[in-house]
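Trainee: Please find one structure pasted underneath; my questions will follow.
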Amino acid sequence: YNEWLGNLRSKTSLLFRSIGYTEPKIAASAIHSKICTLLNAHCNGEPRDRVNPETNELTVQATACLQFEGATQPLDNILHGLPQWSIDDGNYDEKRNRIRSIVRPLLSEVANMIVSWNPNDIWLKFRRTLLLEALKHYWKYEPSTLPTGVDSLLLYLSATDNPLKERLSEDIIGLRKKCGVSLVAVSKVVPDLLVPWLSQLSGRAKTLLTSGGLSPVNEMHLYEFL
């Protein structure tokens, strides 16, 4: 089963990437519609059907978490597959310019929706982290939301349980690790675009490192990110 599932995900990834490359207008419209629908229906975890009774936090099996999980791979692969001419500022033929005039506003809205979403539940923060990481392919060409997105990932590196516990829960540890991995992934795709904010990023990193609250793994991620 695991081998079959792995093959299915691999082929699905290639399919979404191919759709993004061959039909950027359709792909951008579809992913915009999907993200809008998800945020309208589940931004606060609605219908909150699988909740930990001790913490009132959504569990990983909650409908909202599963729905956002299902959007991560399509978003990442569609953005990765989009041809450069559909996003960048180049001068192309009339047909391509017309398609780009539709694609770019849609993707801008998608990026702004994800960056401005501020869920409270740990597992929704985890799903948002994955969506933010997927935006790295878009940020290569339109980085206006990049600083805010990176700032969100840095903030999640120091996430804690609510209410506070003596030891971090496994869910919080998982969120912190994923944020570290996502920060590194973003920095490898858009390192040149992060340079203008290097001073601010270094300041944030210094604060996190001197706080004493990061795990060795997160410290390693932070050093690699910078």
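Simple scheme: letters A, B, ... for chains in structure tokens order, numbers from 1 for residues in each chain, numbers from 1 for ligands in the order shown.
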Quick one: residues within 12 Å of Trp85 (chain A), only C-alpha atoms, excluding same-chain residues fewer than 6 positions away - as a list in words?

Mentor: Tyr21, Thr22, Pro24, Lys25, Asn91, Tyr92, Asp93, Glu94, Lys95, Arg96, Asn97, Arg98, Ile99, Arg100, Ser101, Val103, Arg104 and Tyr141 of chain A

Trainee: Within 8 Å of Leu79 (chain A), counting only C-alpha atoms, which residues qualify if same-chain residues fewer than 3 places away don't, as a ChimeraX atom specification?

Mentor: /A:17,20,75-76,82,134-135,137-138

Trainee: If you count only C-alpha atoms, which residues fall within 12 Å of Met220 (chain A), apart from same-chain ones fewer than 2 positions away, as a list of chain:residue names?

Mentor: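 My reading of the contact set: A:Leu157, A:Lys177, A:Gly180, A:Val181, A:Leu183, A:Val184, A:Ala205, A:Leu209, A:Leu214, A:Ser215, A:Pro216, A:Val217, A:Asn218, A:Leu222, A:Tyr223, A:Glu224, A:Phe225, A:Leu226.
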
Trainee: Using only C-alpha atoms, pick whichever of A:Leu66, A:Ala28, A:Ala185, A:Val190 has the shortest atom-to-atom distance to Glu142 (chain A).

Mentor: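 Comparing A:Leu66, A:Ala28, A:Ala185, A:Val190 against Glu142 (chain A), the winner is A:Val190.
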
Trainee: Can you tell me, as a PyMOL selection string, which residues in region 30-211 of chain A count as alpha helix (DSSP H) by DSSP?

Mentor: chain A and resi 30-42+63-81+94-116+122-134+136-139+146-156+170-189+191-194+198-211

Trainee: Between A:Val110, A:Ala27, A:Leu208, A:Leu130, which has the minimum distance to Leu155 (chain A) (counting only C-alpha atoms)?

Mentor: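 The closest residue to Leu155 (chain A) is A:Leu208.
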
Trainee: Within 10 Å of Leu193 (chain A), counting only C-alpha atoms, which residues show up once you throw out same-chain ones fewer than 3 positions away? Write them as a count of residues only, please.

Mentor: 13

Trainee: Would you pick out the contacts of Ser144 (chain A) at 12 Å or less, using only C-alpha atoms, so that residues sharing its chain but fewer than 5 positions from it are not included, and give the list as number ranges by chain?

Mentor: A: 107-109, 111-112, 115, 135-136, 138-139, 149-150, 193-194

Trainee: May I ask for the distance between CA of Leu106 (chain A) and CA of Ser10 (chain A), given in Å to one decimal place?

Mentor: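 Between these atoms lies a distance of 26.2 Å.
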
Trainee: Please compute the CA of Lys125 (chain A)-CA of Tyr156 (chain A) distance, one decimal, in Å.

Mentor: 8.0 Å
